[in-house]
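Take a look at the structure below.
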Amino acid sequence: MPLINRHLIDPNDLTLEELQQIIELGLKMYNQPKAYSEICKGKILGTLFYEPSTRTRLSFESAMLKMGGTVLGFSDANTSSAKKGESIADTIRVLDDYADILVMRHPREGAPLLASQFSTVPVINGGDGGHQHPTQTLTDLITIQNYRGSISNLKVAFCGDLLFGRTVHSLLKTLSRFENISFVLVSPSELKIPCHLKEEIQQEYNVEIIETTSLEEHLPEIDILYMTRIQKERFFNEEDYVKLKDCYILNQAKLKHAKDNLLILHPLPRVNEISYDVDDDPRAKYFEQAKLGVYVRMALMAMLLGVA
Ligand code: CP
């Protein structure tokens with residue numbers, strides 16, 4: 001089924017072939033942006049951000065502007081009529097006349113899915129609660145493809161808040177579908193990945209998973225290290241957050257034992273979990289990752305709008 005006019009709510013909405021097509025087009029756009037600078041002329045992106053964001057919202061906006069389109073929307077629900085009690089359904093019924101494609105971030109899991117049920121234009125999930133973040137996954141995959149040349153035969157470590165981290169949930173599920181991927185999941189016992197997710201990826205894809213509390217233990221074998229921040233906004237009380245907030249800090253001393261071709265990724269924002277002395281390490285690619293996020297979102301929107 002072509003991608004035109006579809007919604008993207010969960011990374012599993014895309015087949016492996018479609019994921020690869022989006023990544024391939026994203027890399028073409030990255031290498032030759034001028035060739036795509038007018039393909040969205042006359043198109044409007046609507047951004048509905050009910051929760052804070054820097055990269056997701058602004059990379060979507062940048063992506064649409066780089067393709068010659070325009071953008072409208074809100075970055076704070078308090079400045080929208082949600083503050084007066086308007087439902088998502090009513091907001092969407094109005095907004096889908098104002099824009100050709102919508103991206104929504106919401107603190108409630110399932111809100112973008114609900115939006116998609118009322119929308120006549122494509123709805124993209126820009127992150128829903130601790131659930132999924134499919135366009136961050138596209139960003140992560142394009143970065144792996146660009147710097148490793150392929151998304152297969154990799155041992156991938158996720159480190160930090162694996163319970164609440166939606167970027168982790170989406171990427172774990174998606175990487176499980178690629179060839180010969182295994183995982184090392186590094187977290188405090190309070191922040192392990194949800195059991196249902198672990199069971200799903202083990203049963204459906206038969207992926208090897210090692211769970212540990214030690215970042216150092218498996219570092220020498222790792223190909224990709226995906227660091228994440230502890231998700232303060234998802235904790236029920238401050239005391240629990242404070243206890244866990246600095247549980248893993250990646251620094252140069254720890255990286256001495258890692259592979260020379262390790263790829264260090266982070267969806268950002270970083271709080272304290274990667275020390276600034278890592279930023280100049282050639283293995284650190286988290287700022288390049290954020291940059292590639294613009295181009296993969298260009299590719300996604302161009303395909304959903306049927307202009308590429
Ligand atoms: N990675 C990510 O989703 O960043 P923002 O919260 O800044 O959008």
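If you're wondering about the labels, chains in the structure tokens are A, B, ... by order shown, residues count from 1 in each chain, ligands from 1 in order shown.
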Give me, as a PyMOL selection string, the residues of stretch 105-282 of chain A that a backbone DSSP run labels strand (DSSP E). chain A and resi 105-106+123-128+154-159+181-186+209-212+224-227+263-265
Output of the above residues as a short mmCIF file (atom, residue, chain, number, x, y, z; two decimals), in the first residue's frame, restricted to C-alpha atoms:
```
data_model
loop_
_atom_site.label_atom_id
_atom_site.label_comp_id
_atom_site.auth_asym_id
_atom_site.auth_seq_id
_atom_site.Cartn_x
_atom_site.Cartn_y
_atom_site.Cartn_z
CA ARG A 105 2.79 15.47 20.69
CA HIS A 106 0.70 14.75 23.76
CA VAL A 123 -1.52 12.49 11.47
CA ILE A 124 2.02 11.84 12.71
CA ASN A 125 2.70 10.88 16.31
CA GLY A 126 5.36 13.27 17.63
CA GLY A 127 5.55 11.37 20.93
CA ASP A 128 2.70 10.21 23.19
CA LEU A 154 24.60 -5.07 15.52
CA LYS A 155 24.74 -5.39 19.30
CA VAL A 156 22.81 -2.40 20.59
CA ALA A 157 22.88 -1.19 24.20
CA PHE A 158 20.13 1.02 25.61
CA CYS A 159 21.07 2.77 28.83
CA ILE A 181 20.28 -7.54 16.11
CA SER A 182 20.82 -8.24 19.82
CA PHE A 183 20.25 -5.99 22.81
CA VAL A 184 21.92 -5.14 26.10
CA LEU A 185 19.46 -3.27 28.31
CA VAL A 186 21.19 -1.24 31.02
CA ILE A 209 18.25 -9.65 25.27
CA ILE A 210 20.66 -9.22 28.17
CA GLU A 211 19.45 -7.11 31.09
CA THR A 212 21.99 -5.61 33.46
CA ILE A 224 25.67 1.16 19.25
CA LEU A 225 25.20 2.79 22.63
CA TYR A 226 21.86 4.57 22.97
CA MET A 227 21.95 6.76 26.07
CA LEU A 263 28.25 4.81 17.63
CA ILE A 264 27.04 6.85 20.61
CA LEU A 265 23.46 8.06 20.13
#
```
Closest atom pairs, residues of chain A within 7 Å of ligand 1, only C-alpha atoms and all ligand atoms, as a tab-separated table:
```
residue	atom	partner	partner_atom_place_in_ligand_line	distance
A:Pro52	CA	ligand 1	6 (O)	6.4
A:Ser53	CA	ligand 1	8 (O)	3.8
A:Thr54	CA	ligand 1	7 (O)	3.5
A:Arg55	CA	ligand 1	7 (O)	4.0
A:Thr56	CA	ligand 1	8 (O)	3.7
A:Arg57	CA	ligand 1	8 (O)	6.0
A:Gly127	CA	ligand 1	3 (O)	6.9
A:Gln136	CA	ligand 1	1 (N)	6.2
A:Pro267	CA	ligand 1	1 (N)	4.2
A:Leu268	CA	ligand 1	1 (N)	4.9
A:Pro269	CA	ligand 1	4 (O)	5.8
```
For the selection you just gave me, I'd like the residues written to a file as a CSV table (one decimal), in the first residue's frame, keeping N, CA and C atoms.
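out22.csv was written with the following content:
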```csv
chain,number,residue,atom,x,y,z
A,52,PRO,N,6.1,19.9,26.0
A,52,PRO,CA,7.3,20.6,25.5
A,52,PRO,C,8.1,19.8,24.5
A,53,SER,N,8.8,20.5,23.5
A,53,SER,CA,9.6,19.9,22.6
A,53,SER,C,10.5,20.9,22.0
A,54,THR,N,11.8,20.5,21.7
A,54,THR,CA,12.6,21.4,20.9
A,54,THR,C,12.9,20.8,19.5
A,55,ARG,N,13.5,19.6,19.5
A,55,ARG,CA,13.9,18.9,18.3
A,55,ARG,C,12.7,18.5,17.4
A,56,THR,N,11.7,17.8,18.0
A,56,THR,CA,10.7,17.2,17.2
A,56,THR,C,9.9,18.3,16.5
A,57,ARG,N,9.4,19.3,17.2
A,57,ARG,CA,8.6,20.3,16.6
A,57,ARG,C,9.4,21.2,15.6
A,127,GLY,N,5.2,11.8,19.6
A,127,GLY,CA,5.5,11.4,20.9
A,127,GLY,C,4.3,11.4,21.8
A,136,GLN,N,11.3,9.7,16.0
A,136,GLN,CA,12.6,9.6,16.6
A,136,GLN,C,13.3,8.3,16.1
A,267,PRO,N,18.7,10.5,22.0
A,267,PRO,CA,17.6,11.3,21.3
A,267,PRO,C,17.6,12.8,21.7
A,268,LEU,N,18.3,13.1,22.8
A,268,LEU,CA,18.3,14.5,23.3
A,268,LEU,C,16.9,14.9,23.8
A,269,PRO,N,16.7,15.7,24.7
A,269,PRO,CA,17.7,16.5,25.4
A,269,PRO,C,18.5,15.6,26.4
```
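Candidate residues A:Arg148, A:Arg270, A:Lys28, A:Arg166 were compared for distance to A:Pro107, and the nearest is A:Arg166, using only C-alpha atoms.
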Counting only C-alpha atoms, which residues of stretch 133-175 of chain A sit at most 10 Å from some atom of stretch 232-244 of chain A, and what is each one's closest atom pair with its distance in Å to one decimal, listed by chain and rising residue number, as a tab-separated table?
```
residue	atom	partner	partner_atom	distance
A:Gly160	CA	A:Leu244	CA	9.4
A:Asp161	CA	A:Leu244	CA	9.2
A:Leu163	CA	A:Arg234	CA	9.7
A:Phe164	CA	A:Arg234	CA	6.8
A:Gly165	CA	A:Arg234	CA	9.3
```
Find the residues around A:Asn206 up to 12 Å (only C-alpha atoms counted), leave out those fewer than 6 positions away in its own chain, and share them as a ChimeraX atom specification. /A:173,176-183,198-200
Let's have the selection written as a PDB file, in the first residue's frame, with N, CA, C and O atoms.
```pdb
ATOM      1  N   LYS A 173      11.479  -1.971  19.399  1.00  0.00           N
ATOM      2  CA  LYS A 173      10.515  -2.730  18.602  1.00  0.00           C
ATOM      3  C   LYS A 173      10.931  -2.761  17.134  1.00  0.00           C
ATOM      4  O   LYS A 173      10.817  -3.775  16.458  1.00  0.00           O
ATOM      5  N   SER A 176      14.242  -4.751  16.298  1.00  0.00           N
ATOM      6  CA  SER A 176      14.021  -6.198  16.410  1.00  0.00           C
ATOM      7  C   SER A 176      13.644  -6.815  15.072  1.00  0.00           C
ATOM      8  O   SER A 176      13.812  -8.015  14.863  1.00  0.00           O
ATOM      9  N   ARG A 177      13.117  -5.985  14.168  1.00  0.00           N
ATOM     10  CA  ARG A 177      12.666  -6.500  12.870  1.00  0.00           C
ATOM     11  C   ARG A 177      13.813  -6.593  11.866  1.00  0.00           C
ATOM     12  O   ARG A 177      13.641  -7.149  10.790  1.00  0.00           O
ATOM     13  N   PHE A 178      14.964  -6.012  12.190  1.00  0.00           N
ATOM     14  CA  PHE A 178      16.109  -6.076  11.271  1.00  0.00           C
ATOM     15  C   PHE A 178      16.936  -7.333  11.554  1.00  0.00           C
ATOM     16  O   PHE A 178      16.790  -7.973  12.598  1.00  0.00           O
ATOM     17  N   GLU A 179      17.857  -7.628  10.633  1.00  0.00           N
ATOM     18  CA  GLU A 179      18.590  -8.887  10.688  1.00  0.00           C
ATOM     19  C   GLU A 179      19.711  -8.884  11.740  1.00  0.00           C
ATOM     20  O   GLU A 179      20.521  -7.952  11.790  1.00  0.00           O
ATOM     21  N   ASN A 180      19.726  -9.941  12.528  1.00  0.00           N
ATOM     22  CA  ASN A 180      20.821 -10.207  13.485  1.00  0.00           C
ATOM     23  C   ASN A 180      21.139  -9.016  14.395  1.00  0.00           C
ATOM     24  O   ASN A 180      22.252  -8.502  14.413  1.00  0.00           O
ATOM     25  N   ILE A 181      20.115  -8.606  15.121  1.00  0.00           N
ATOM     26  CA  ILE A 181      20.276  -7.535  16.111  1.00  0.00           C
ATOM     27  C   ILE A 181      20.129  -8.172  17.493  1.00  0.00           C
ATOM     28  O   ILE A 181      19.242  -8.995  17.716  1.00  0.00           O
ATOM     29  N   SER A 182      21.011  -7.800  18.425  1.00  0.00           N
ATOM     30  CA  SER A 182      20.815  -8.241  19.815  1.00  0.00           C
ATOM     31  C   SER A 182      20.915  -7.014  20.725  1.00  0.00           C
ATOM     32  O   SER A 182      21.477  -5.982  20.332  1.00  0.00           O
ATOM     33  N   PHE A 183      20.358  -7.152  21.918  1.00  0.00           N
ATOM     34  CA  PHE A 183      20.251  -5.989  22.811  1.00  0.00           C
ATOM     35  C   PHE A 183      20.894  -6.234  24.172  1.00  0.00           C
ATOM     36  O   PHE A 183      20.795  -7.337  24.723  1.00  0.00           O
ATOM     37  N   LYS A 198       9.159  -6.508  26.430  1.00  0.00           N
ATOM     38  CA  LYS A 198      10.221  -7.519  26.376  1.00  0.00           C
ATOM     39  C   LYS A 198       9.653  -8.836  25.831  1.00  0.00           C
ATOM     40  O   LYS A 198      10.241  -9.457  24.926  1.00  0.00           O
ATOM     41  N   GLU A 199       8.493  -9.230  26.336  1.00  0.00           N
ATOM     42  CA  GLU A 199       7.878 -10.485  25.860  1.00  0.00           C
ATOM     43  C   GLU A 199       7.553 -10.409  24.373  1.00  0.00           C
ATOM     44  O   GLU A 199       7.791 -11.331  23.619  1.00  0.00           O
ATOM     45  N   GLU A 200       7.011  -9.242  23.976  1.00  0.00           N
ATOM     46  CA  GLU A 200       6.617  -9.081  22.561  1.00  0.00           C
ATOM     47  C   GLU A 200       7.823  -9.248  21.640  1.00  0.00           C
ATOM     48  O   GLU A 200       7.771 -10.028  20.675  1.00  0.00           O
TER      49      GLU A 200
END
```
